[in-house]
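Visitor: Pasting start-v4.cif here (mmCIF, C-alpha atoms):
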```
data_model
#
loop_
_atom_site.label_atom_id
_atom_site.label_comp_id
_atom_site.auth_asym_id
_atom_site.auth_seq_id
_atom_site.Cartn_x
_atom_site.Cartn_y
_atom_site.Cartn_z
CA MET A 28 0.00 0.00 0.00
CA GLY A 29 1.39 3.42 -1.02
CA LYS A 30 2.46 5.99 1.53
CA GLY A 31 -0.18 8.80 1.79
CA ARG A 32 -0.25 12.25 3.29
CA ALA A 33 0.43 12.71 7.00
CA GLU A 34 -2.69 12.88 9.12
CA PRO A 35 -3.46 16.15 10.97
CA GLY A 36 -2.01 16.25 14.48
CA THR A 37 0.82 13.81 13.80
CA PRO A 38 4.49 14.85 14.24
CA LYS A 39 5.03 14.49 10.49
CA TYR A 40 2.12 16.81 9.74
CA ILE A 41 3.39 19.45 12.20
CA ALA A 42 6.92 19.23 10.73
CA ASN A 43 5.57 19.80 7.21
CA LYS A 44 3.61 22.84 8.37
CA ILE A 45 6.67 24.34 10.03
CA LYS A 46 8.72 23.85 6.87
CA SER A 47 6.09 25.47 4.65
CA LYS A 48 5.72 28.46 6.99
CA GLY A 49 7.90 31.47 6.24
CA LEU A 50 10.27 32.09 3.36
CA GLN A 51 11.68 29.32 1.19
CA LYS A 52 14.71 29.29 -1.08
CA LEU A 53 14.31 31.49 -4.14
CA ARG A 54 15.94 29.03 -6.53
CA TRP A 55 13.11 26.55 -5.90
CA PHE A 56 10.36 29.03 -6.82
CA CYS A 57 8.54 29.04 -10.20
CA GLN A 58 7.13 32.49 -11.04
CA MET A 59 5.12 31.37 -14.07
CA CYS A 60 3.24 28.78 -12.02
CA ASN A 61 3.53 30.82 -8.80
CA LYS A 62 4.64 27.67 -6.94
CA GLN A 63 7.21 27.36 -4.18
CA CYS A 64 8.97 24.00 -3.80
CA ARG A 65 10.60 22.92 -0.57
CA ASP A 66 13.64 21.10 -1.95
CA GLU A 67 15.53 20.38 -5.15
CA ASN A 68 13.70 17.11 -5.78
CA GLY A 69 10.31 18.79 -5.55
CA PHE A 70 11.38 21.57 -7.92
CA LYS A 71 12.69 18.99 -10.41
CA CYS A 72 9.39 17.11 -10.34
CA HIS A 73 7.51 20.37 -10.88
CA THR A 74 9.57 21.35 -13.93
CA MET A 75 8.76 17.98 -15.51
CA SER A 76 5.01 18.32 -14.89
CA GLU A 77 2.54 18.96 -17.72
CA SER A 78 1.17 22.19 -16.21
CA HIS A 79 4.64 23.73 -16.05
CA GLN A 80 5.33 22.81 -19.66
CA ARG A 81 2.10 24.56 -20.74
CA GLN A 82 3.13 27.72 -18.88
CA LEU A 83 6.53 27.67 -20.59
CA LEU A 84 4.84 27.49 -23.99
CA LEU A 85 2.71 30.51 -23.13
CA PHE A 86 5.82 32.41 -22.00
CA ALA A 87 7.70 31.52 -25.18
CA ASP A 88 4.90 32.93 -27.36
CA ASN A 89 5.09 36.41 -25.77
CA ALA A 90 8.09 36.67 -23.46
CA GLY A 91 8.30 40.48 -23.58
CA ARG A 92 4.75 40.97 -22.33
CA TYR A 93 5.21 38.65 -19.36
CA LEU A 94 8.56 40.23 -18.48
CA SER A 95 7.14 43.77 -18.59
CA GLU A 96 4.11 42.74 -16.48
CA PHE A 97 6.31 41.14 -13.83
CA SER A 98 8.61 44.19 -13.80
CA TYR A 99 5.65 46.55 -13.44
CA GLU A 100 4.16 44.57 -10.56
CA PHE A 101 7.52 44.37 -8.77
CA SER A 102 8.20 48.14 -9.07
CA LYS A 103 4.63 48.98 -8.05
CA GLY A 104 4.80 46.86 -4.90
CA PHE A 105 8.28 48.14 -4.00
CA LEU A 106 7.29 51.82 -4.39
CA PHE A 107 4.03 51.29 -2.49
CA LEU A 108 5.95 49.84 0.46
CA LEU A 109 8.54 52.64 0.27
CA LYS A 110 5.85 55.36 0.27
CA ARG A 111 3.66 53.77 2.96
CA GLN A 112 6.38 52.76 5.42
CA PHE A 113 9.20 55.28 4.88
CA GLY A 114 7.55 58.25 3.16
CA THR A 115 10.01 60.82 1.79
CA LYS A 116 12.80 59.90 4.23
CA ARG A 117 16.24 58.86 3.00
CA VAL A 118 16.60 55.13 3.60
CA LYS A 119 18.95 52.32 2.60
CA ALA A 120 17.69 50.47 -0.49
CA ASN A 121 18.57 47.04 0.89
CA LYS A 122 16.48 47.71 4.01
CA VAL A 123 13.40 48.42 1.88
CA TYR A 124 14.08 45.30 -0.19
CA GLN A 125 14.31 43.12 2.92
CA GLU A 126 10.95 44.48 4.08
CA TYR A 127 9.48 43.78 0.64
CA ILE A 128 10.61 40.15 0.39
CA SER A 129 9.43 39.38 3.94
CA ASP A 130 5.98 38.91 2.42
CA ARG A 131 5.57 35.35 1.11
CA THR A 132 3.34 36.49 -1.77
CA HIS A 133 5.81 39.04 -3.14
CA LEU A 134 6.90 38.97 -6.77
CA HIS A 135 10.50 37.81 -7.09
CA MET A 136 13.14 39.98 -8.74
CA ASN A 137 14.53 37.10 -10.84
CA ALA A 138 11.30 37.23 -12.89
CA THR A 139 11.81 40.91 -13.84
CA GLN A 140 14.09 42.80 -16.21
CA TRP A 141 16.49 43.61 -13.34
CA THR A 142 19.03 41.02 -12.29
CA THR A 143 20.37 42.93 -9.26
CA LEU A 144 19.06 45.42 -6.70
CA THR A 145 21.65 47.95 -7.89
CA GLY A 146 20.23 47.87 -11.40
CA PHE A 147 16.72 48.41 -10.05
CA VAL A 148 17.85 51.35 -7.88
CA LYS A 149 19.58 52.99 -10.87
CA TRP A 150 16.36 52.57 -12.88
CA LEU A 151 14.42 54.34 -10.11
CA GLY A 152 16.84 57.27 -10.33
CA LYS A 153 16.76 57.49 -14.13
CA THR A 154 12.96 57.49 -14.30
CA GLY A 155 12.69 60.19 -11.60
CA LYS A 156 10.74 58.05 -9.16
CA CYS A 157 13.35 58.40 -6.41
CA VAL A 158 16.42 60.42 -5.51
CA VAL A 159 19.31 57.94 -5.33
CA ASP A 160 22.86 58.35 -4.04
CA GLU A 161 25.69 55.88 -3.57
CA THR A 162 27.87 55.88 -0.45
CA ASP A 163 30.40 53.56 1.14
CA GLU A 164 27.55 51.86 3.01
CA GLY A 165 25.60 51.16 -0.18
CA TRP A 166 22.76 52.70 -2.16
CA PHE A 167 20.30 55.08 -0.48
CA ILE A 168 16.95 56.14 -1.95
CA THR A 169 14.44 58.92 -1.22
CA TYR A 170 10.89 58.63 -2.52
CA ILE A 171 9.61 61.55 -4.65
CA ASP A 172 5.94 62.12 -3.88
CA ARG A 173 4.32 63.40 -7.08
CA ASP A 174 0.78 63.39 -5.72
CA PRO A 175 -0.97 66.66 -6.87
CA ALA A 176 -2.23 67.35 -3.35
CA THR A 177 1.27 66.93 -1.89
CA ILE A 178 2.84 69.12 -4.58
CA GLU A 179 0.22 71.84 -3.99
CA LEU A 180 0.84 71.71 -0.24
CA GLU A 181 4.61 72.01 -0.71
CA GLU A 182 4.10 74.96 -3.07
CA LYS A 183 1.89 76.71 -0.49
CA MET A 184 4.49 76.14 2.22
CA ARG A 185 7.23 77.45 -0.08
CA ARG A 186 5.23 80.60 -0.85
CA LYS A 187 4.49 81.09 2.84
CA GLU A 188 8.18 80.79 3.79
CA LYS A 189 9.11 83.21 1.01
CA ALA A 190 6.49 85.73 2.17
CA GLU A 191 7.73 85.48 5.77
CA LYS A 192 11.29 85.93 4.57
CA ASP A 193 10.31 88.98 2.50
CA ASP A 194 8.49 90.49 5.49
CA LYS A 195 11.54 90.00 7.70
CA GLU A 196 13.79 91.56 5.06
CA ARG A 197 11.49 94.56 4.68
CA GLU A 198 11.36 95.00 8.45
CA THR A 199 15.15 94.78 8.67
CA ASP A 200 15.57 97.33 5.86
CA PHE A 201 13.09 99.67 7.60
CA LEU A 202 14.96 99.43 10.91
CA GLN A 203 18.31 100.05 9.22
CA ARG A 204 16.88 103.08 7.42
CA GLN A 205 15.52 104.46 10.70
CA ILE A 206 18.91 103.93 12.36
CA ARG A 207 20.70 105.76 9.52
CA GLU A 208 18.25 108.66 9.68
CA GLY A 209 18.65 108.87 13.48
CA GLN A 210 22.44 108.89 13.20
CA LEU A 211 22.32 111.59 10.49
CA LYS A 212 19.98 113.74 12.59
CA GLU A 213 22.20 113.34 15.66
CA SER A 214 25.31 114.32 13.72
CA THR A 215 23.49 117.40 12.32
CA GLU A 216 22.46 118.52 15.80
CA LYS A 217 26.03 118.14 17.08
CA SER A 218 27.41 120.24 14.23
CA THR A 219 24.81 122.97 14.97
CA ASP A 220 25.70 123.04 18.67
CA ASN A 221 29.40 123.38 17.88
CA GLY A 222 28.79 126.44 15.60
CA THR A 223 29.01 130.07 16.93
CA THR A 224 25.67 131.79 17.65
CA LYS A 225 25.14 135.50 18.20
CA GLU A 226 22.91 136.54 21.10
CA LEU A 227 20.43 139.36 20.49
CA ILE A 228 20.85 142.14 23.12
CA ARG A 229 18.57 145.16 23.36
CA GLU A 230 20.30 148.48 23.97
CA GLU A 231 19.03 150.39 26.98
CA ASP A 232 19.49 153.85 25.43
CA GLY A 233 17.72 152.98 22.22
CA LYS A 234 14.39 154.60 21.52
CA LEU A 235 11.47 153.13 19.65
CA SER A 236 9.90 155.32 16.99
CA LEU A 237 6.78 154.71 14.95
CA ASN A 238 6.50 156.34 11.54
CA LEU A 239 3.08 156.21 9.88
CA LYS A 240 2.85 157.66 6.39
CA MET A 241 -0.59 158.12 4.90
CA ASP A 242 -0.33 158.06 1.11
CA THR A 243 -2.88 160.12 -0.72
CA PHE A 244 -5.31 158.30 -2.95
CA LYS A 245 -4.31 158.50 -6.57
CA LYS A 246 -6.64 157.76 -9.44
CA PRO A 247 -5.29 155.01 -11.60
CA ALA A 248 -4.33 156.06 -15.07
CA VAL A 249 -6.33 154.58 -17.90
CA ALA A 250 -4.12 153.02 -20.53
CA PRO A 251 -5.04 153.38 -24.20
CA ILE A 252 -7.08 150.58 -25.75
CA LYS A 253 -4.33 149.77 -28.27
CA ASN A 254 -1.79 149.22 -25.51
CA VAL A 255 -4.20 146.99 -23.65
CA LEU A 256 -4.89 144.86 -26.74
CA SER A 257 -1.21 144.56 -27.53
CA THR A 258 -0.48 143.51 -23.92
CA VAL A 259 -3.26 140.91 -23.96
CA GLY A 260 -2.04 139.57 -27.29
CA SER A 261 1.54 139.23 -26.11
CA ASP A 262 0.40 137.44 -22.92
CA ARG A 263 -1.70 135.07 -24.97
CA MET A 264 1.18 134.28 -27.33
CA SER A 265 3.50 133.66 -24.40
CA MET A 266 0.95 131.24 -22.86
CA ILE A 267 0.61 129.40 -26.19
CA SER A 268 4.38 129.13 -26.54
CA LYS A 269 4.66 127.82 -22.94
CA SER A 270 1.93 125.24 -23.51
CA SER A 271 3.55 124.08 -26.75
CA SER A 272 6.93 123.77 -25.00
CA ARG A 273 5.25 121.72 -22.24
CA LYS A 274 3.65 119.44 -24.85
CA SER A 275 6.99 118.96 -26.58
CA GLU A 276 8.55 118.08 -23.20
CA LYS A 277 5.76 115.59 -22.55
CA ARG A 278 6.33 114.05 -25.95
CA LYS A 279 10.05 113.69 -25.22
CA ILE A 280 9.38 112.08 -21.81
CA SER A 281 6.84 109.64 -23.23
CA ALA A 282 9.25 108.61 -26.00
CA LEU A 283 11.98 107.97 -23.42
CA GLU A 284 9.62 105.97 -21.28
CA GLU A 285 8.61 103.96 -24.33
CA ILE A 286 12.24 103.10 -25.06
CA ILE A 287 12.75 102.03 -21.43
CA GLN A 288 9.66 99.86 -21.57
CA GLU A 289 10.85 98.21 -24.79
CA GLU A 290 14.24 97.46 -23.24
CA THR A 291 12.56 96.05 -20.14
CA LYS A 292 10.31 93.85 -22.28
CA LYS A 293 13.34 92.65 -24.24
CA LYS A 294 15.18 91.69 -21.05
CA ASN A 295 12.11 89.92 -19.68
CA TYR A 296 11.72 88.06 -22.98
CA MET A 297 15.28 86.78 -22.74
CA ARG A 298 14.67 85.44 -19.20
CA LYS A 299 13.70 81.77 -18.77
CA ASP A 300 12.10 79.86 -15.92
CA TYR A 301 15.03 77.42 -15.88
CA TRP A 302 18.65 78.36 -15.14
CA LEU A 303 20.69 75.20 -14.53
CA LEU A 304 24.04 74.93 -16.35
CA GLU A 305 26.93 72.53 -16.08
CA ASN A 306 30.11 73.42 -14.16
CA ILE A 307 28.40 75.82 -11.69
CA VAL A 308 28.50 75.61 -7.89
CA VAL A 309 25.10 75.33 -6.16
CA LYS A 310 23.86 74.89 -2.58
CA VAL A 311 21.27 72.34 -1.44
CA THR A 312 18.18 73.98 0.14
CA THR A 313 15.77 71.05 0.52
CA LYS A 314 15.24 69.12 3.77
CA THR A 315 13.75 66.02 2.13
CA LEU A 316 17.17 64.38 1.75
CA GLY A 317 17.98 64.82 5.43
CA LEU A 318 19.61 67.54 7.50
CA GLU A 319 23.09 66.19 6.70
CA TYR A 320 22.75 67.51 3.12
CA LEU A 321 21.04 70.83 3.92
CA GLY A 322 23.32 73.74 3.02
CA LYS A 323 25.97 71.52 1.37
CA LYS A 324 27.63 72.81 -1.81
CA GLY A 325 28.49 70.90 -4.95
CA VAL A 326 29.12 71.20 -8.69
CA VAL A 327 26.53 70.49 -11.37
CA THR A 328 27.95 67.71 -13.53
CA LYS A 329 24.91 67.08 -15.74
CA VAL A 330 21.65 68.87 -16.61
CA MET A 331 18.59 66.71 -17.29
CA ASP A 332 15.38 67.98 -18.94
CA LYS A 333 16.30 71.63 -18.22
CA TYR A 334 14.89 71.51 -14.67
CA GLY A 335 16.85 68.61 -13.16
CA CYS A 336 20.55 68.09 -12.55
CA MET A 337 23.14 65.72 -11.15
CA VAL A 338 25.12 67.39 -8.34
CA LYS A 339 28.43 66.08 -6.99
CA LEU A 340 28.85 67.34 -3.44
CA PHE A 341 32.22 68.51 -2.17
CA GLU A 342 31.65 67.04 1.32
CA PRO A 343 30.50 64.28 1.64
CA LYS A 344 31.64 63.12 -1.78
CA VAL A 345 28.32 61.78 -3.07
CA LYS A 346 26.19 62.37 -6.16
CA LEU A 347 22.58 63.56 -5.89
CA LYS A 348 19.86 63.92 -8.51
CA LEU A 349 18.01 67.15 -7.69
CA ASP A 350 15.44 69.56 -9.10
CA GLN A 351 16.28 73.24 -9.58
CA ASN A 352 13.77 74.11 -6.82
CA HIS A 353 15.95 72.16 -4.37
CA VAL A 354 19.14 74.22 -4.99
CA GLU A 355 20.16 77.89 -5.19
CA THR A 356 22.98 79.89 -6.75
CA VAL A 357 26.26 80.61 -4.95
CA ILE A 358 27.82 84.10 -5.11
CA PRO A 359 31.66 84.29 -4.74
CA ASN A 360 33.71 87.15 -3.30
CA VAL A 361 34.78 90.17 -5.34
CA GLY A 362 37.22 89.04 -8.01
CA GLY A 363 35.74 85.55 -8.29
CA ARG A 364 34.74 83.90 -11.56
CA VAL A 365 31.02 83.48 -12.29
CA ILE A 366 28.75 82.24 -15.09
CA VAL A 367 25.62 84.13 -16.16
CA VAL A 368 22.75 81.61 -15.86
CA ASN A 369 19.79 83.74 -17.03
CA GLY A 370 19.04 86.80 -19.12
CA MET A 371 20.63 88.24 -22.26
CA HIS A 372 24.19 86.96 -21.62
CA VAL A 373 23.34 83.45 -20.41
CA GLY A 374 26.27 81.01 -20.50
CA ARG A 375 28.95 83.77 -20.57
CA GLU A 376 31.85 83.74 -18.13
CA ALA A 377 32.45 86.90 -16.13
CA GLU A 378 34.39 88.39 -13.22
CA LEU A 379 32.62 89.83 -10.17
CA ILE A 380 33.85 93.40 -9.61
CA LYS A 381 31.28 94.81 -7.16
CA LEU A 382 28.89 93.30 -4.60
CA ASP A 383 25.80 95.17 -3.36
CA ALA A 384 24.35 93.04 -0.55
CA ASP A 385 21.69 95.61 0.40
CA ASN A 386 20.03 95.50 -3.04
CA PHE A 387 20.91 91.82 -3.76
CA CYS A 388 22.74 92.63 -7.00
CA VAL A 389 26.30 92.71 -8.39
CA ASP A 390 28.39 94.30 -11.13
CA VAL A 391 30.31 91.95 -13.41
CA LYS A 392 32.75 92.20 -16.31
CA LEU A 393 32.22 89.73 -19.16
CA LYS A 394 35.18 87.46 -19.97
CA SER A 395 33.76 85.56 -22.96
CA GLY A 396 31.43 86.05 -25.92
CA PRO A 397 31.04 88.92 -28.41
CA ALA A 398 30.63 91.46 -25.59
CA THR A 399 33.93 90.60 -23.86
CA GLY A 400 35.04 93.43 -21.59
CA LYS A 401 31.55 94.87 -21.17
CA ILE A 402 30.53 95.77 -17.62
CA ILE A 403 27.00 94.81 -16.58
CA THR A 404 25.63 96.65 -13.55
CA ARG A 405 22.94 95.70 -11.04
CA LEU A 406 22.72 92.05 -12.09
CA PRO A 407 20.46 90.13 -9.63
CA PHE A 408 21.90 87.32 -7.49
CA GLU A 409 19.66 84.71 -9.13
CA ASP A 410 20.99 85.51 -12.65
CA LEU A 411 24.59 84.36 -12.01
CA CYS A 412 26.39 81.60 -10.15
CA LYS A 413 29.93 80.76 -9.06
CA GLN A 414 32.02 78.93 -11.68
CA HIS A 415 33.67 75.66 -10.66
CA ILE A 416 37.37 75.66 -11.43
CA ALA A 417 38.83 72.14 -11.39
CA GLU A 418 41.96 71.66 -9.37
CA SER A 419 44.98 70.83 -11.52
#
```
Represent the structure from my file as structure tokens, please.

Guide:
Amino acid sequence: MGKGRAEPGTPKYIANKIKSKGLQKLRWFCQMCNKQCRDENGFKCHTMSESHQRQLLLFADNAGRYLSEFSYEFSKGFLFLLKRQFGTKRVKANKVYQEYISDRTHLHMNATQWTTLTGFVKWLGKTGKCVVDETDEGWFITYIDRDPATIELEEKMRRKEKAEKDDKERETDFLQRQIREGQLKESTEKSTDNGTTKELIREEDGKLSLNLKMDTFKKPAVAPIKNVLSTVGSDRMSMISKSSSRKSEKRKISALEEIIQEETKKKNYMRKDYWLLENIVVKVTTKTLGLEYLGKKGVVTKVMDKYGCMVKLFEPKVKLKLDQNHVETVIPNVGGRVIVVNGMHVGREAELIKLDADNFCVDVKLKSGPATGKIITRLPFEDLCKQHIAES
């Protein structure tokens, strides 16, 4: 009589249940049939079964479709776990993967287009689903939440912080202006006190006299009518000439204003809403990557899709994929080399010759392009950035 299944409650039955509970070896798992075998013999018997052969024929007919479906399901489950459990925090990729495979029903990576976890992490960075960076400890990832509600909330918070910053700057400027006016007034009063003043003294022997002269009433002389007409005519001509001169002045002013407006429109037309260029030094301003990267400086090594870039930090020496909203320009000291990143002379190298911190602008001298040697005044901070000079 053949040996059957173990009866419930027997030691053999309990041992089989313990073996089937938890994770099994990946090499004994068949993704097409979604079957996990416990040992090599069981997996060999499964591969020789008729059902497995039918699944292999289906896979051979359209291998690309099955591979893309498995890859999509794997990435979807991985990103869902990353968003739900870790949010937008920077976390080690292997830690997320260990959490993902702890579920017995997970889709295995060997059935996807990625052969290693490193390849999958690089794919997440290239497609913009995560911010990835490689360190000595391994690959780290940060989930990018592209939910419209989350993006709108972040934009509102950014506008609020900017408004608060502008209010603080205006208040600081007002206080500084009041201090300057108070110092100027105090210095004026001191100079007046130091000057010589003459005291008015009334002489005792002096007499006061009052002289009242009553002029007799004289009848006004009547001018001839011709003189009156000529006077009125001359006054009228003078008024006409004055009004015409005023009109000509107004015409000149309006023409000048029109030229200024055209130049302003031309400058605004040359401005773009993106400013990233290669070989410029930028500073990280986002907190989503962690406080250890906030305020760190690095060089832009690659620009992607105009609004994204790859930044290589100076310290720690890691590479980050960032958006232009997550970085800001760096202004060097006077005499430093800069690159114009926006406006009419975008991409031109220049030398910083004057820094006006109160008005947030600088004066630069162009070092490249057709306008080499030209001095540009009152260039805003956001229109130029420090140039990275490689060490020889």

Visitor: Taking the file above as input, evaluate the PyMOL selection byres ((chain A and resi 370) around 7) and report the hits as a ChimeraX atom specification.

Guide: /A:294,297-298,369,371-373,410

Visitor: Could you pull the residues within 12 Å of Lys324 (chain A), counting all atoms listed in the file, minus those fewer than 2 positions along the same chain, as a VMD selection string?

Guide: chain A and resid 307 to 312 319 to 322 326 to 327 338 to 347 353 to 358 413 415

Visitor: Identify all residues satisfying the PyMOL selection byres ((chain A and resi 127) around 10) in the given file; provide them as a list of chain:residue names.

Guide: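 What the PyMOL selection byres ((chain A and resi 127) around 10) grabs from the file is A:Phe101, A:Gly104, A:Phe105, A:Leu106, A:Phe107, A:Leu108, A:Leu109, A:Asn121, A:Lys122, A:Val123, A:Tyr124, A:Gln125, A:Glu126, A:Ile128, A:Ser129, A:Asp130, A:Arg131, A:Thr132, A:His133, A:Leu134, A:His135.
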
Visitor: Hey, can you spit out that residue selection with C-alpha atoms as an mmCIF file, keeping the file's coordinate frame?

Guide:
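The result, written out as out.cif:
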```
data_model
loop_
_atom_site.group_PDB
_atom_site.id
_atom_site.type_symbol
_atom_site.label_atom_id
_atom_site.label_comp_id
_atom_site.auth_asym_id
_atom_site.auth_seq_id
_atom_site.Cartn_x
_atom_site.Cartn_y
_atom_site.Cartn_z
ATOM 1 C CA PHE A 101 7.520 44.370 -8.770
ATOM 2 C CA GLY A 104 4.800 46.860 -4.900
ATOM 3 C CA PHE A 105 8.280 48.140 -4.000
ATOM 4 C CA LEU A 106 7.290 51.820 -4.390
ATOM 5 C CA PHE A 107 4.030 51.290 -2.490
ATOM 6 C CA LEU A 108 5.950 49.840 0.460
ATOM 7 C CA LEU A 109 8.540 52.640 0.270
ATOM 8 C CA ASN A 121 18.570 47.040 0.890
ATOM 9 C CA LYS A 122 16.480 47.710 4.010
ATOM 10 C CA VAL A 123 13.400 48.420 1.880
ATOM 11 C CA TYR A 124 14.080 45.300 -0.190
ATOM 12 C CA GLN A 125 14.310 43.120 2.920
ATOM 13 C CA GLU A 126 10.950 44.480 4.080
ATOM 14 C CA ILE A 128 10.610 40.150 0.390
ATOM 15 C CA SER A 129 9.430 39.380 3.940
ATOM 16 C CA ASP A 130 5.980 38.910 2.420
ATOM 17 C CA ARG A 131 5.570 35.350 1.110
ATOM 18 C CA THR A 132 3.340 36.490 -1.770
ATOM 19 C CA HIS A 133 5.810 39.040 -3.140
ATOM 20 C CA LEU A 134 6.900 38.970 -6.770
ATOM 21 C CA HIS A 135 10.500 37.810 -7.090
#
```

Visitor: Find the spatial neighbours of region 163-171 of chain A, counting only C-alpha atoms, within a cut-off of 8 Å - ignore same-chain residues fewer than 6 positions away - and output them as a list in words.

Guide: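 Here the qualifying residues turn out to be Leu106, Leu109, Lys110, Gly114, Thr115, Lys116, Arg117, Val118, Lys119, Ala120, Asn121, Thr145, Val148, Gly155, Lys156, Cys157, Thr315 and Leu316 of chain A.
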
Visitor: Export, as a CSV table (one decimal), in the coordinates of the input, the selected residues with C-alpha atoms.

Guide:
```csv
chain,number,residue,atom,x,y,z
A,106,LEU,CA,7.3,51.8,-4.4
A,109,LEU,CA,8.5,52.6,0.3
A,110,LYS,CA,5.8,55.4,0.3
A,114,GLY,CA,7.6,58.2,3.2
A,115,THR,CA,10.0,60.8,1.8
A,116,LYS,CA,12.8,59.9,4.2
A,117,ARG,CA,16.2,58.9,3.0
A,118,VAL,CA,16.6,55.1,3.6
A,119,LYS,CA,19.0,52.3,2.6
A,120,ALA,CA,17.7,50.5,-0.5
A,121,ASN,CA,18.6,47.0,0.9
A,145,THR,CA,21.6,48.0,-7.9
A,148,VAL,CA,17.8,51.4,-7.9
A,155,GLY,CA,12.7,60.2,-11.6
A,156,LYS,CA,10.7,58.0,-9.2
A,157,CYS,CA,13.4,58.4,-6.4
A,315,THR,CA,13.8,66.0,2.1
A,316,LEU,CA,17.2,64.4,1.8
```

Visitor: Using only C-alpha atoms, pick whichever of A:Ile178, A:Ile380, A:Leu406, A:Met337 has the shortest atom-to-atom distance to Val367 (chain A).

Guide: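 Result for the nearest residue to Val367 (chain A): A:Leu406.
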
Visitor: Just how far from CA of Pro175 (chain A) is CA of Val368 (chain A), in Å to one decimal?

Guide: 29.4 Å

Visitor: Calculate how many Å separate CA of Arg173 (chain A) from CA of Arg111 (chain A), rounding to one decimal.

Guide: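 Spanning CA of Arg173 (chain A) to CA of Arg111 (chain A) is a straight-line distance of 13.9 Å.
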
Visitor: Taking into account only C-alpha atoms, which residue in the set A:Val361, A:Lys189, A:Ala42, A:Cys57 is nearest to Gln80 (chain A)?

Guide: A:Cys57
